[in-house]
Number of protein chains: 2
Amino acid sequence: MSLFVQKFGGTSVASISHIENVVRKVISARDEGHDVVVVVSAMGDETDRLVALANEVDHQHISGRREMDVLLSTGEQITISLLAMMLLKHGVKAQSYTGRQAGILTDDGHTKARILDIDTAHLKARIEEGVVPVVAGFQGTDDDGNITTLGRGGSDTTAVALAAVLDADECRIYTDVKGVFTTDPRVVEGARCLKEVTFEEMLELASLGSRVLHTRAVELASKYEVPLRVLSSFEDAPGTLITREDESMEQPIISGIAFTRDEAKLTVLGVKDVPGIASAILGPISKANIEVDMIVQNVAADQSTDFTFTVRREDYDQALEILEKVAKNIDAREVAGDNKIAKLSMVGVGMRSHAGVASRMFEVLANESINILMISTSEIKISVVVAEKYLELAARALHSAFDLSEEVS
Amino acid sequence: MSLFVQKFGGTSVASISHIENVVRKVISARDEGHDVVVVVSAMGDETDRLVALANEVDHQHISGRREMDVLLSTGEQITISLLAMMLLKHGVKAQSYTGRQAGILTDDGHTKARILDIDTAHLKARIEEGVVPVVAGFQGTDDDGNITTLGRGGSDTTAVALAAVLDADECRIYTDVKGVFTTDPRVVEGARCLKEVTFEEMLELASLGSRVLHTRAVELASKYEVPLRVLSSFEDAPGTLITREDESMEQPIISGIAFTRDEAKLTVLGVKDVPGIASAILGPISKANIEVDMIVQNVAADQSTDFTFTVRREDYDQALEILEKVAKNIDAREVAGDNKIAKLSMVGVGMRSHAGVASRMFEVLANESINILMISTSEIKISVVVAEKYLELAARALHSAFDLSEEVS
């Protein structure tokens with residue numbers, strides 16, 4: 001008998017009628033002959049409500065994170081009980097499980113704990129009895145029985161981890177979108193829902209802003225080779241299967257185009273090309289907890305170089321201020337910046353075996369008179385930074401030039 | 001070093017500013033040199049919110065009670081985390097404990113579980129380290145690790161049980177009233193907050209509608225001789241100490257006058273005085289889940305008698321309907337009823353050693369031309385039923401006649 005883990009996020013369990021819809025998905029999977037384990041998040045805005053209460057108590061977070069986990073874990077606990085009730089009402093044998101009851105052991109890194117082990121003996125026995133376990137995502141307990149939470153993307157991680165230890169045939173992540181698209185359908189009309197995508201591609205797409213699945217869950221699924229499916233809670237469609245690369249399969253060159261708008265770039269001009277200069281520039285930025293994304297440094301001409309990197313747009317002003325000081329210290333010529341930029345990335349495992357993707361990409365952009373401000377590449381990704389105003393035009397041109405609207409047979 | 005258990009109910013933790021007030025009470029007890037364990041209920045209307053969600057899912061309660069407990073227990077879990085955060089913020093070493101973490105083992109009677117044992121090893125160790133444990137009231141886990149709740153009055157019960165096993169010097173129940181009054185101050189202007197009352201008196205007062213403390217908690221405190229103090233969360237006043245009877249102390253004859261308005265009485269007239277007739281009448285009433293309070297049967301004249309009992313007013317119509325049928329079956333003359341009655345009880349352990357309380361009580365009522373409809377007595381209590389319209393008059397007359405406004409030195 002096959003086993004499915006079905007995970008429903010906050011928007012999929014936002015109200016009692018949403019939960020009724022979840023029950024239909026569970027019953028339908030069982031009618032098809034699958035055993036089912038359900039993992040759920042907190043209902044809609046419940047987590048926000050709890051965080052607001054905590055902030056009202058202690059907005060400076062003096063009190064540490066152990067109690068935050070005790071608080072936040074109630075969100076999922078409410079959902080599991082309501083869903084189990086609803087399943088029982090519909091005649092489905094079901095039982096709710098908190099993280100602890102599901103045997104999820106984590107380290108003691110409160111609010112960002114990592115799963116160490118899952119004791120599945122109890123769950124397995126109940127599944128054999130025909131029970132549908134309804135497991136609280138996002139939570140576990142540490143060795144001392146303290147409640148922990150897994151941090152961002154935690155419920156997805158719970159679902160994938162359970163699928164791995166239970167050797168599930170598929171881990172289905174139900175969301176409010178149909179699946180993983182070739183690009184943002186709000187920007188490119190021809191954007192298409194992918195039938196399949198590899199773990200590697202998904203990691204690049206997720207971290208670049210497709211935001212369907214948290215990177216951490218994809219990494220875990222990749223590590224344990226858990227077939228992962230992203231699909232809609234509200235429609236009956238197969239969604240996107242995320243799986244390992246099938247060597248025998250002809251891969252499309254490009255799977256998707258991801259982009260982010262909220263970027264800014266900063267350049268330190270006329271930097272002496274000596275060892276340690278990169279860390280002299282980025283050290284103070286990192287100390288200020290500003291995340292740096294792309295970093296580009298040109299080959300030096302006459303012992304001096306230009307050093308450019310991107311940050312989130314909200315961090316731009318602070319980063320600029322820091323750099324002005326740094327530039328003086330390291331005797332750089334000047335600091336320049338631009339906070340009206342966007343990043344656009346083409347992702348595809350097929351890129352590895354096909355030369356010329358980059359040049360074709362640059363050609364397409366040039367034909368539209370779009371100036372490329374920065375370039376960065378990895379094995380399965382090419383990212384460019386362009387002026388924000390060109391983003392939609394660039395995305396549509398590339399989507400069309402690489403035939404992403406067409407289904408690959 | 002002395003140990004206090006401080007319990008704060010829903011109204012005392014209804015908002016973050018209420019919780020701040022709780023923190024002051026905890027700090028003040030510690031400043032006086034006491035170790036403290038805090039027990040809390042769910043915030044204000046949180047339990048109502050959760051019950052409403054459950055009813056929305058399954059208003060017919062098909063799904064059983066295990067999941068209800070998983071749901072309801074989140075209410076107290078939210079409070080413990082917020083209170084622990086607030087204590088930590090104020091520099092008090094504190095840690096939250098769910099029922100399970102506090103070692104509270106119950107039977108598996110979901111939604112009305114009973115505490116079997118409390119494993120205090122962990123709590124004791126933490127108290128010795130100077131930590132204030134903040135324990136979720138109302139909840140525990142059974143032998144299989146399922147979450148259970150203790151039913152009505154559950155948080156008080158948790159507090160008293162913890163006080164018993166920790167050998168606490170006092171269990172302080174903070175409420176929205178100043179303590180236990182000689183009678184309802186809204187009815188009798190001279191009503192006075194009692195300094196002390198015995199467990200026995202409290203049981204009679206509580207079950208008669210003083211509603212400050214649940215009977216179950218008082219019984220438990222009595223059994224384990226835990227000194228129990230009822231006091232206000234919002235004022236600095238000593239409240240009422242509930243303790244065992246001190247033989248050496250001169251007891252006041254009457255401690256208080258309790259009353260309930262929502263009563264109705266039913267009489268089956270002309271009942272044959274044969275064995276089994278009482279159960280023939282009350283059996284069908286009990287089967288309909290109608291609670292019966294006072295029962296009076298007069299001595300039989302000419303082989304027939306009248307059988308009278310009281311029920312809650314909301315059950316009056318149903319009870320009357322049942323009795324009409326019963327009366328036919330047992331060949332009784334007729335059924336009469338009155339749903340405009342009230343019950344008034346005088347309670348006091350001193351009554352045991354003082355004759356004449358009853359006759360004095362009846363005299364006082366007669367002087368006010370108040371007709372007594374039913375009488376029932378126990379060792380430390382005399383209850384009368386009167387027409388509802390006389391209730392306030394009766395309460396004031398008795399309160400004054402028995403000098404309850406005066407402090408007994």
# chains A, B, ... in the order shown; residues from 1 in each chain; ligands from 1

call {"tool": "calpha_fit_and_write", "arguments": {"fixed": "chain A", "moving": "chain B", "output": "compact mmCIF listing (two decimals) with C-alpha atoms, in the first residue's frame"}}
result
# COMPACT_ATOMS: atom_id res chain seq x y z
CA MET B 1 0.22 0.03 -0.01
CA SER B 2 1.45 3.48 -0.86
CA LEU B 3 1.79 6.26 1.68
CA PHE B 4 1.29 9.96 1.02
CA VAL B 5 2.19 12.81 3.32
CA GLN B 6 -0.19 15.71 2.66
CA LYS B 7 0.80 19.11 4.01
CA PHE B 8 -1.61 22.04 4.19
CA GLY B 9 -0.35 25.55 4.92
CA GLY B 10 -1.99 28.41 6.76
CA THR B 11 -4.11 29.66 3.86
CA SER B 12 -5.36 26.11 3.22
CA VAL B 13 -6.69 25.81 6.79
CA ALA B 14 -7.66 29.45 7.31
CA SER B 15 -11.27 28.71 8.28
CA ILE B 16 -13.54 25.82 9.10
CA SER B 17 -14.76 25.68 5.50
CA HIS B 18 -11.14 25.56 4.34
CA ILE B 19 -10.60 22.65 6.72
CA GLU B 20 -13.61 20.93 5.19
CA ASN B 21 -11.84 21.20 1.86
CA VAL B 22 -8.75 19.58 3.38
CA VAL B 23 -10.93 16.70 4.53
CA ARG B 24 -12.04 16.20 0.92
CA LYS B 25 -8.40 16.01 -0.21
CA VAL B 26 -7.63 13.44 2.48
CA ILE B 27 -10.68 11.31 1.69
CA SER B 28 -9.93 11.46 -2.01
CA ALA B 29 -6.35 10.23 -1.48
CA ARG B 30 -7.65 7.38 0.67
CA ASP B 31 -10.30 6.51 -1.89
CA GLU B 32 -7.46 6.13 -4.38
CA GLY B 33 -5.97 3.54 -2.03
CA HIS B 34 -3.26 5.53 -0.30
CA ASP B 35 -2.44 5.67 3.37
CA VAL B 36 -2.24 9.28 4.45
CA VAL B 37 -0.38 11.31 7.05
CA VAL B 38 -1.47 14.95 7.23
CA VAL B 39 0.73 17.82 8.37
CA VAL B 40 -0.79 21.25 9.02
CA SER B 41 0.22 24.80 9.83
CA ALA B 42 -1.55 27.30 12.05
CA MET B 43 -4.83 28.71 10.73
CA GLY B 44 -4.48 31.82 8.56
CA ASP B 45 -3.42 34.73 10.74
CA GLU B 46 -3.20 32.79 14.01
CA THR B 47 0.60 32.95 14.17
CA ASP B 48 0.47 36.71 13.56
CA ARG B 49 -2.03 37.03 16.40
CA LEU B 50 0.27 35.11 18.76
CA VAL B 51 3.34 37.11 17.73
CA ALA B 52 1.39 40.33 18.34
CA LEU B 53 0.53 39.13 21.86
CA ALA B 54 4.20 38.34 22.53
CA ASN B 55 5.26 41.75 21.24
CA GLU B 56 2.72 43.38 23.50
CA VAL B 57 4.30 41.60 26.47
CA ASP B 58 7.91 42.02 25.51
CA HIS B 59 8.64 43.90 22.32
CA GLN B 60 12.35 43.99 23.14
CA HIS B 61 12.49 40.19 23.33
CA ILE B 62 14.29 40.22 26.65
CA SER B 63 12.51 37.10 27.75
CA GLY B 64 14.23 34.73 25.38
CA ARG B 65 12.83 32.29 22.93
CA ARG B 66 11.78 29.24 24.94
CA GLU B 67 8.46 30.84 25.87
CA MET B 68 7.95 32.07 22.31
CA ASP B 69 7.96 28.44 21.20
CA VAL B 70 5.45 27.45 23.88
CA LEU B 71 3.24 30.25 22.57
CA LEU B 72 3.64 29.70 18.82
CA SER B 73 3.18 25.93 18.99
CA THR B 74 -0.43 26.43 20.10
CA GLY B 75 -1.28 27.64 16.58
CA GLU B 76 -0.70 24.27 14.94
CA GLN B 77 -2.17 22.46 17.92
CA ILE B 78 -5.49 24.20 17.32
CA THR B 79 -5.46 23.16 13.66
CA ILE B 80 -4.67 19.49 14.30
CA SER B 81 -7.51 19.13 16.78
CA LEU B 82 -10.06 20.79 14.49
CA LEU B 83 -8.96 18.81 11.44
CA ALA B 84 -8.99 15.52 13.39
CA MET B 85 -12.50 16.37 14.64
CA MET B 86 -13.65 17.11 11.12
CA LEU B 87 -12.18 13.85 9.78
CA LEU B 88 -13.82 11.86 12.59
CA LYS B 89 -17.12 13.57 11.83
CA HIS B 90 -16.77 12.39 8.22
CA GLY B 91 -16.17 8.83 9.40
CA VAL B 92 -12.41 8.83 8.85
CA LYS B 93 -10.40 7.32 11.70
CA ALA B 94 -8.05 10.13 12.61
CA GLN B 95 -5.94 11.27 15.53
CA SER B 96 -4.08 14.50 16.16
CA TYR B 97 -0.40 14.55 17.09
CA THR B 98 1.55 17.44 18.53
CA GLY B 99 5.22 17.51 17.52
CA ARG B 100 6.11 15.67 20.69
CA GLN B 101 3.40 13.05 20.25
CA ALA B 102 4.61 12.45 16.68
CA GLY B 103 8.04 11.69 18.10
CA ILE B 104 9.76 14.71 16.55
CA LEU B 105 13.00 15.28 18.45
CA THR B 106 14.87 18.51 17.76
CA ASP B 107 17.92 20.31 19.08
CA ASP B 108 17.30 23.07 21.62
CA GLY B 109 17.64 25.95 19.17
CA HIS B 110 14.41 27.62 20.16
CA THR B 111 12.47 29.40 17.35
CA LYS B 112 14.82 27.83 14.75
CA ALA B 113 15.32 24.27 15.94
CA ARG B 114 16.51 21.51 13.64
CA ILE B 115 15.02 18.03 13.58
CA LEU B 116 17.43 15.43 14.97
CA ASP B 117 15.30 12.33 14.82
CA ILE B 118 11.73 11.12 14.53
CA ASP B 119 10.55 8.14 16.53
CA THR B 120 7.95 6.72 14.18
CA ALA B 121 7.00 3.57 16.09
CA HIS B 122 3.71 4.98 17.35
CA LEU B 123 2.73 6.67 14.07
CA LYS B 124 3.51 3.54 12.05
CA ALA B 125 1.39 1.36 14.30
CA ARG B 126 -1.54 3.74 13.99
CA ILE B 127 -1.21 4.00 10.21
CA GLU B 128 -1.36 0.21 10.03
CA GLU B 129 -4.61 0.34 11.99
CA GLY B 130 -6.02 2.59 9.26
CA VAL B 131 -5.77 5.78 11.25
CA VAL B 132 -4.92 9.11 9.58
CA PRO B 133 -2.41 10.86 11.84
CA VAL B 134 -2.85 14.64 11.77
CA VAL B 135 0.52 16.06 12.77
CA ALA B 136 1.29 19.62 13.90
CA GLY B 137 3.91 21.06 11.60
CA PHE B 138 6.64 23.47 12.66
CA GLN B 139 7.19 21.95 16.12
CA GLY B 140 8.94 19.31 18.16
CA THR B 141 10.50 18.85 21.57
CA ASP B 142 14.12 18.77 22.63
CA ASP B 143 15.81 16.15 24.79
CA ASP B 144 14.47 17.77 27.97
CA GLY B 145 10.88 17.85 26.75
CA ASN B 146 10.88 21.59 26.02
CA ILE B 147 8.68 22.64 23.12
CA THR B 148 10.64 23.88 20.11
CA THR B 149 9.66 25.37 16.77
CA LEU B 150 11.48 24.99 13.49
CA GLY B 151 11.44 28.56 12.22
CA ARG B 152 10.49 29.70 8.74
CA GLY B 153 9.28 27.01 6.39
CA GLY B 154 8.95 24.77 9.42
CA SER B 155 5.75 22.96 8.47
CA ASP B 156 7.10 22.03 5.04
CA THR B 157 10.19 20.70 6.79
CA THR B 158 8.06 18.61 9.16
CA ALA B 159 6.18 17.14 6.20
CA VAL B 160 9.32 16.25 4.25
CA ALA B 161 11.06 14.83 7.33
CA LEU B 162 8.05 12.64 8.13
CA ALA B 163 7.87 11.52 4.49
CA ALA B 164 11.56 10.60 4.66
CA VAL B 165 11.40 8.54 7.86
CA LEU B 166 8.09 6.92 6.92
CA ASP B 167 9.47 6.15 3.47
CA ALA B 168 6.44 7.83 1.89
CA ASP B 169 5.83 7.55 -1.82
CA GLU B 170 5.17 11.25 -2.16
CA CYS B 171 5.13 14.35 0.00
CA ARG B 172 2.38 16.64 -1.26
CA ILE B 173 2.59 20.30 -0.32
CA TYR B 174 -0.81 21.94 -0.84
CA THR B 175 -0.65 25.69 -1.33
CA ASP B 176 -2.67 28.54 -2.77
CA VAL B 177 -0.92 28.29 -6.15
CA LYS B 178 -1.24 25.60 -8.81
CA GLY B 179 2.41 24.60 -8.69
CA VAL B 180 5.78 25.89 -9.82
CA PHE B 181 5.51 28.17 -12.84
CA THR B 182 8.01 28.94 -15.58
CA THR B 183 7.78 32.50 -14.33
CA ASP B 184 5.40 34.80 -12.48
CA PRO B 185 2.03 34.52 -14.31
CA ARG B 186 1.10 38.01 -13.12
CA VAL B 187 3.93 39.36 -15.27
CA VAL B 188 4.09 36.97 -18.19
CA GLU B 189 0.78 35.90 -19.62
CA GLY B 190 2.15 32.70 -21.12
CA ALA B 191 3.65 31.47 -17.85
CA ARG B 192 3.03 27.75 -17.53
CA CYS B 193 2.82 25.38 -14.58
CA LEU B 194 5.71 22.93 -14.76
CA LYS B 195 4.92 19.21 -14.60
CA GLU B 196 8.32 18.38 -13.20
CA VAL B 197 11.33 20.21 -11.92
CA THR B 198 14.52 18.89 -10.31
CA PHE B 199 15.47 19.57 -6.68
CA GLU B 200 18.39 21.68 -7.89
CA GLU B 201 16.22 23.81 -10.10
CA MET B 202 13.65 24.18 -7.36
CA LEU B 203 16.31 25.36 -4.93
CA GLU B 204 17.37 28.07 -7.37
CA LEU B 205 13.77 29.00 -8.15
CA ALA B 206 12.71 29.03 -4.49
CA SER B 207 15.61 31.08 -3.22
CA LEU B 208 15.06 33.48 -6.10
CA GLY B 209 11.60 34.35 -5.02
CA SER B 210 9.16 31.78 -6.34
CA ARG B 211 8.32 31.33 -2.66
CA VAL B 212 6.19 28.27 -3.16
CA LEU B 213 8.40 26.10 -1.01
CA HIS B 214 10.97 26.93 1.58
CA THR B 215 14.55 26.14 0.54
CA ARG B 216 15.09 24.13 3.70
CA ALA B 217 12.31 21.67 2.86
CA VAL B 218 13.58 21.27 -0.69
CA GLU B 219 17.10 20.59 0.55
CA LEU B 220 15.79 17.98 2.96
CA ALA B 221 13.69 16.33 0.26
CA SER B 222 16.70 16.31 -2.03
CA LYS B 223 18.92 14.77 0.63
CA TYR B 224 16.50 11.94 1.38
CA GLU B 225 15.18 11.74 -2.19
CA VAL B 226 11.58 12.31 -1.15
CA PRO B 227 9.43 12.99 -4.22
CA LEU B 228 7.82 16.32 -3.49
CA ARG B 229 4.71 17.62 -5.18
CA VAL B 230 3.47 21.20 -4.98
CA LEU B 231 -0.20 21.54 -5.80
CA SER B 232 -3.27 23.65 -5.17
CA SER B 233 -5.58 23.08 -2.20
CA PHE B 234 -8.40 24.63 -4.13
CA GLU B 235 -8.22 22.95 -7.54
CA ASP B 236 -7.95 19.40 -8.77
CA ALA B 237 -4.72 19.52 -10.74
CA PRO B 238 -1.52 17.48 -10.53
CA GLY B 239 0.71 20.47 -9.74
CA THR B 240 4.47 20.19 -10.02
CA LEU B 241 6.54 17.16 -9.06
CA ILE B 242 9.94 18.02 -7.67
CA THR B 243 12.24 15.06 -8.00
CA ARG B 244 15.80 14.12 -8.72
CA GLU B 245 17.18 14.48 -12.18
CA ASP B 246 16.34 11.58 -14.40
CA GLU B 247 19.49 10.97 -16.45
CA SER B 248 17.67 9.22 -19.23
CA MET B 249 15.27 12.07 -19.76
CA GLU B 250 15.87 14.87 -22.20
CA GLN B 251 15.90 17.97 -20.03
CA PRO B 252 14.55 21.25 -21.24
CA ILE B 253 17.35 23.79 -21.31
CA ILE B 254 15.53 26.27 -19.15
CA SER B 255 12.86 25.39 -16.60
CA GLY B 256 11.95 28.81 -15.39
CA ILE B 257 12.67 32.47 -14.99
CA ALA B 258 12.66 33.82 -11.45
CA PHE B 259 12.95 37.43 -10.44
CA THR B 260 12.97 39.72 -7.45
CA ARG B 261 12.23 43.40 -7.43
CA ASP B 262 13.28 44.43 -3.98
CA GLU B 263 16.98 44.65 -4.72
CA ALA B 264 19.56 47.37 -4.55
CA LYS B 265 23.17 47.39 -5.66
CA LEU B 266 26.20 49.09 -4.18
CA THR B 267 29.60 49.60 -5.76
CA VAL B 268 32.87 50.63 -4.17
CA LEU B 269 34.90 52.18 -6.98
CA GLY B 270 38.69 52.35 -7.16
CA VAL B 271 39.44 49.69 -4.61
CA LYS B 272 43.05 48.55 -4.27
CA ASP B 273 43.33 45.00 -5.55
CA VAL B 274 45.00 43.45 -2.50
CA PRO B 275 44.10 40.36 -0.47
CA GLY B 276 41.54 40.94 2.26
CA ILE B 277 39.83 43.83 0.57
CA ALA B 278 36.55 41.91 0.00
CA SER B 279 36.21 41.05 3.66
CA ALA B 280 37.12 44.59 4.65
CA ILE B 281 34.13 45.74 2.61
CA LEU B 282 31.63 42.98 3.45
CA GLY B 283 32.61 42.44 7.09
CA PRO B 284 30.87 45.56 8.43
CA ILE B 285 27.85 44.88 6.18
CA SER B 286 27.49 41.38 7.57
CA LYS B 287 27.97 42.61 11.13
CA ALA B 288 24.95 44.89 10.62
CA ASN B 289 22.93 41.76 9.73
CA ILE B 290 22.47 42.89 6.16
CA GLU B 291 22.17 39.97 3.78
CA VAL B 292 24.29 40.16 0.66
CA ASP B 293 23.12 38.36 -2.47
CA MET B 294 25.16 38.73 -5.70
CA ILE B 295 28.79 39.75 -5.48
CA VAL B 296 30.79 40.80 -8.55
CA GLN B 297 34.37 41.94 -8.72
CA ASN B 298 36.00 42.73 -12.03
CA VAL B 299 39.52 41.83 -12.94
CA ALA B 300 41.81 44.56 -11.80
CA ALA B 301 43.25 47.13 -14.15
CA ASP B 302 46.18 49.22 -12.86
CA GLN B 303 46.08 47.63 -9.37
CA SER B 304 42.58 48.95 -8.67
CA THR B 305 39.16 47.40 -9.16
CA ASP B 306 35.43 47.98 -8.63
CA PHE B 307 33.57 45.86 -6.11
CA THR B 308 29.78 45.49 -6.49
CA PHE B 309 27.16 43.60 -4.53
CA THR B 310 23.41 43.54 -4.06
CA VAL B 311 21.31 43.78 -0.88
CA ARG B 312 17.60 43.87 -0.13
CA ARG B 313 16.21 47.27 -0.96
CA GLU B 314 15.12 47.93 2.61
CA ASP B 315 18.76 47.62 3.70
CA TYR B 316 20.06 50.00 1.02
CA ASP B 317 20.32 53.21 3.06
CA GLN B 318 22.04 51.52 5.98
CA ALA B 319 24.45 49.70 3.69
CA LEU B 320 25.32 52.92 1.87
CA GLU B 321 26.09 54.65 5.15
CA ILE B 322 28.35 51.80 6.25
CA LEU B 323 30.16 51.76 2.91
CA GLU B 324 30.93 55.50 2.99
CA LYS B 325 32.93 54.89 6.17
CA VAL B 326 34.54 51.73 4.85
CA ALA B 327 35.57 53.48 1.64
CA LYS B 328 37.50 56.08 3.60
CA ASN B 329 39.23 53.43 5.71
CA ILE B 330 40.38 51.41 2.72
CA ASP B 331 41.19 54.48 0.67
CA ALA B 332 38.71 53.71 -2.12
CA ARG B 333 37.83 56.32 -4.70
CA GLU B 334 34.10 56.50 -4.19
CA VAL B 335 30.86 54.67 -3.42
CA ALA B 336 27.99 54.42 -5.88
CA GLY B 337 24.60 52.78 -5.56
CA ASP B 338 21.30 52.15 -7.24
CA ASN B 339 18.12 51.02 -5.50
CA LYS B 340 15.92 50.84 -8.60
CA ILE B 341 17.14 47.52 -9.85
CA ALA B 342 15.73 44.04 -10.22
CA LYS B 343 17.31 40.64 -10.52
CA LEU B 344 16.22 38.14 -13.12
CA SER B 345 17.48 34.55 -13.24
CA MET B 346 17.12 31.78 -15.77
CA VAL B 347 17.28 28.33 -14.19
CA GLY B 348 17.57 24.90 -15.74
CA VAL B 349 19.59 21.73 -15.30
CA GLY B 350 19.66 21.42 -19.09
CA MET B 351 21.91 24.47 -19.14
CA ARG B 352 24.80 22.29 -18.05
CA SER B 353 24.89 20.41 -21.34
CA HIS B 354 23.89 23.23 -23.66
CA ALA B 355 26.37 25.91 -24.52
CA GLY B 356 25.19 29.29 -25.56
CA VAL B 357 22.32 29.90 -23.14
CA ALA B 358 24.07 32.92 -21.71
CA SER B 359 24.88 34.46 -25.07
CA ARG B 360 21.32 33.86 -26.28
CA MET B 361 20.00 35.47 -23.10
CA PHE B 362 22.19 38.55 -23.53
CA GLU B 363 21.21 38.79 -27.18
CA VAL B 364 17.51 38.74 -26.33
CA LEU B 365 17.99 41.53 -23.79
CA ALA B 366 20.12 43.55 -26.19
CA ASN B 367 17.42 43.28 -28.86
CA GLU B 368 15.07 44.95 -26.39
CA SER B 369 17.73 47.59 -25.62
CA ILE B 370 17.90 46.46 -22.01
CA ASN B 371 21.24 47.25 -20.40
CA ILE B 372 22.68 44.53 -18.17
CA LEU B 373 24.10 46.01 -14.96
CA MET B 374 25.51 42.85 -13.37
CA ILE B 375 25.92 39.23 -14.35
CA SER B 376 26.42 36.21 -12.15
CA THR B 377 26.29 32.55 -13.11
CA SER B 378 26.18 29.14 -11.51
CA GLU B 379 26.04 25.69 -13.04
CA ILE B 380 22.29 25.75 -13.59
CA LYS B 381 21.52 29.45 -13.35
CA ILE B 382 22.30 32.76 -15.01
CA SER B 383 21.31 35.89 -13.13
CA VAL B 384 21.35 39.42 -14.45
CA VAL B 385 20.59 42.70 -12.77
CA VAL B 386 18.69 45.25 -14.85
CA ALA B 387 16.99 48.55 -14.15
CA GLU B 388 13.72 47.76 -12.41
CA LYS B 389 11.63 49.44 -15.12
CA TYR B 390 12.80 46.82 -17.65
CA LEU B 391 11.93 43.79 -15.51
CA GLU B 392 8.58 42.88 -17.07
CA LEU B 393 9.83 43.49 -20.58
CA ALA B 394 12.90 41.32 -19.95
CA ALA B 395 10.88 38.52 -18.38
CA ARG B 396 8.40 38.41 -21.28
CA ALA B 397 11.09 38.56 -23.94
CA LEU B 398 13.11 35.73 -22.38
CA HIS B 399 10.04 33.60 -21.64
CA SER B 400 9.08 33.82 -25.26
CA ALA B 401 12.59 33.46 -26.73
CA PHE B 402 13.22 30.26 -24.78
CA ASP B 403 9.80 28.83 -25.69
CA LEU B 404 8.75 28.42 -22.07
CA SER B 405 5.07 28.70 -22.90
CA GLU B 406 5.25 25.53 -24.93
CA GLU B 407 4.92 22.18 -23.19
CA VAL B 408 8.08 20.12 -23.73
CA SER B 409 7.05 16.68 -24.87

call {"tool": "select_by_dssp", "arguments": {"residues": "range 10-121 of chain B", "states": "helix (DSSP H, G or I)", "output": "MDAnalysis selection string"}}
result
chainID B and resid 10:13 16:31 46:57 66:89 121

call {"tool": "select_by_dssp", "arguments": {"residues": "range 22-192 of chain B", "states": "strand (DSSP E or B)", "output": "VMD selection string"}}
result
chain B and resid 35 to 40 94 to 97 104 to 106 115 to 118 132 to 136 139 to 141 147 to 149 170 to 175 181
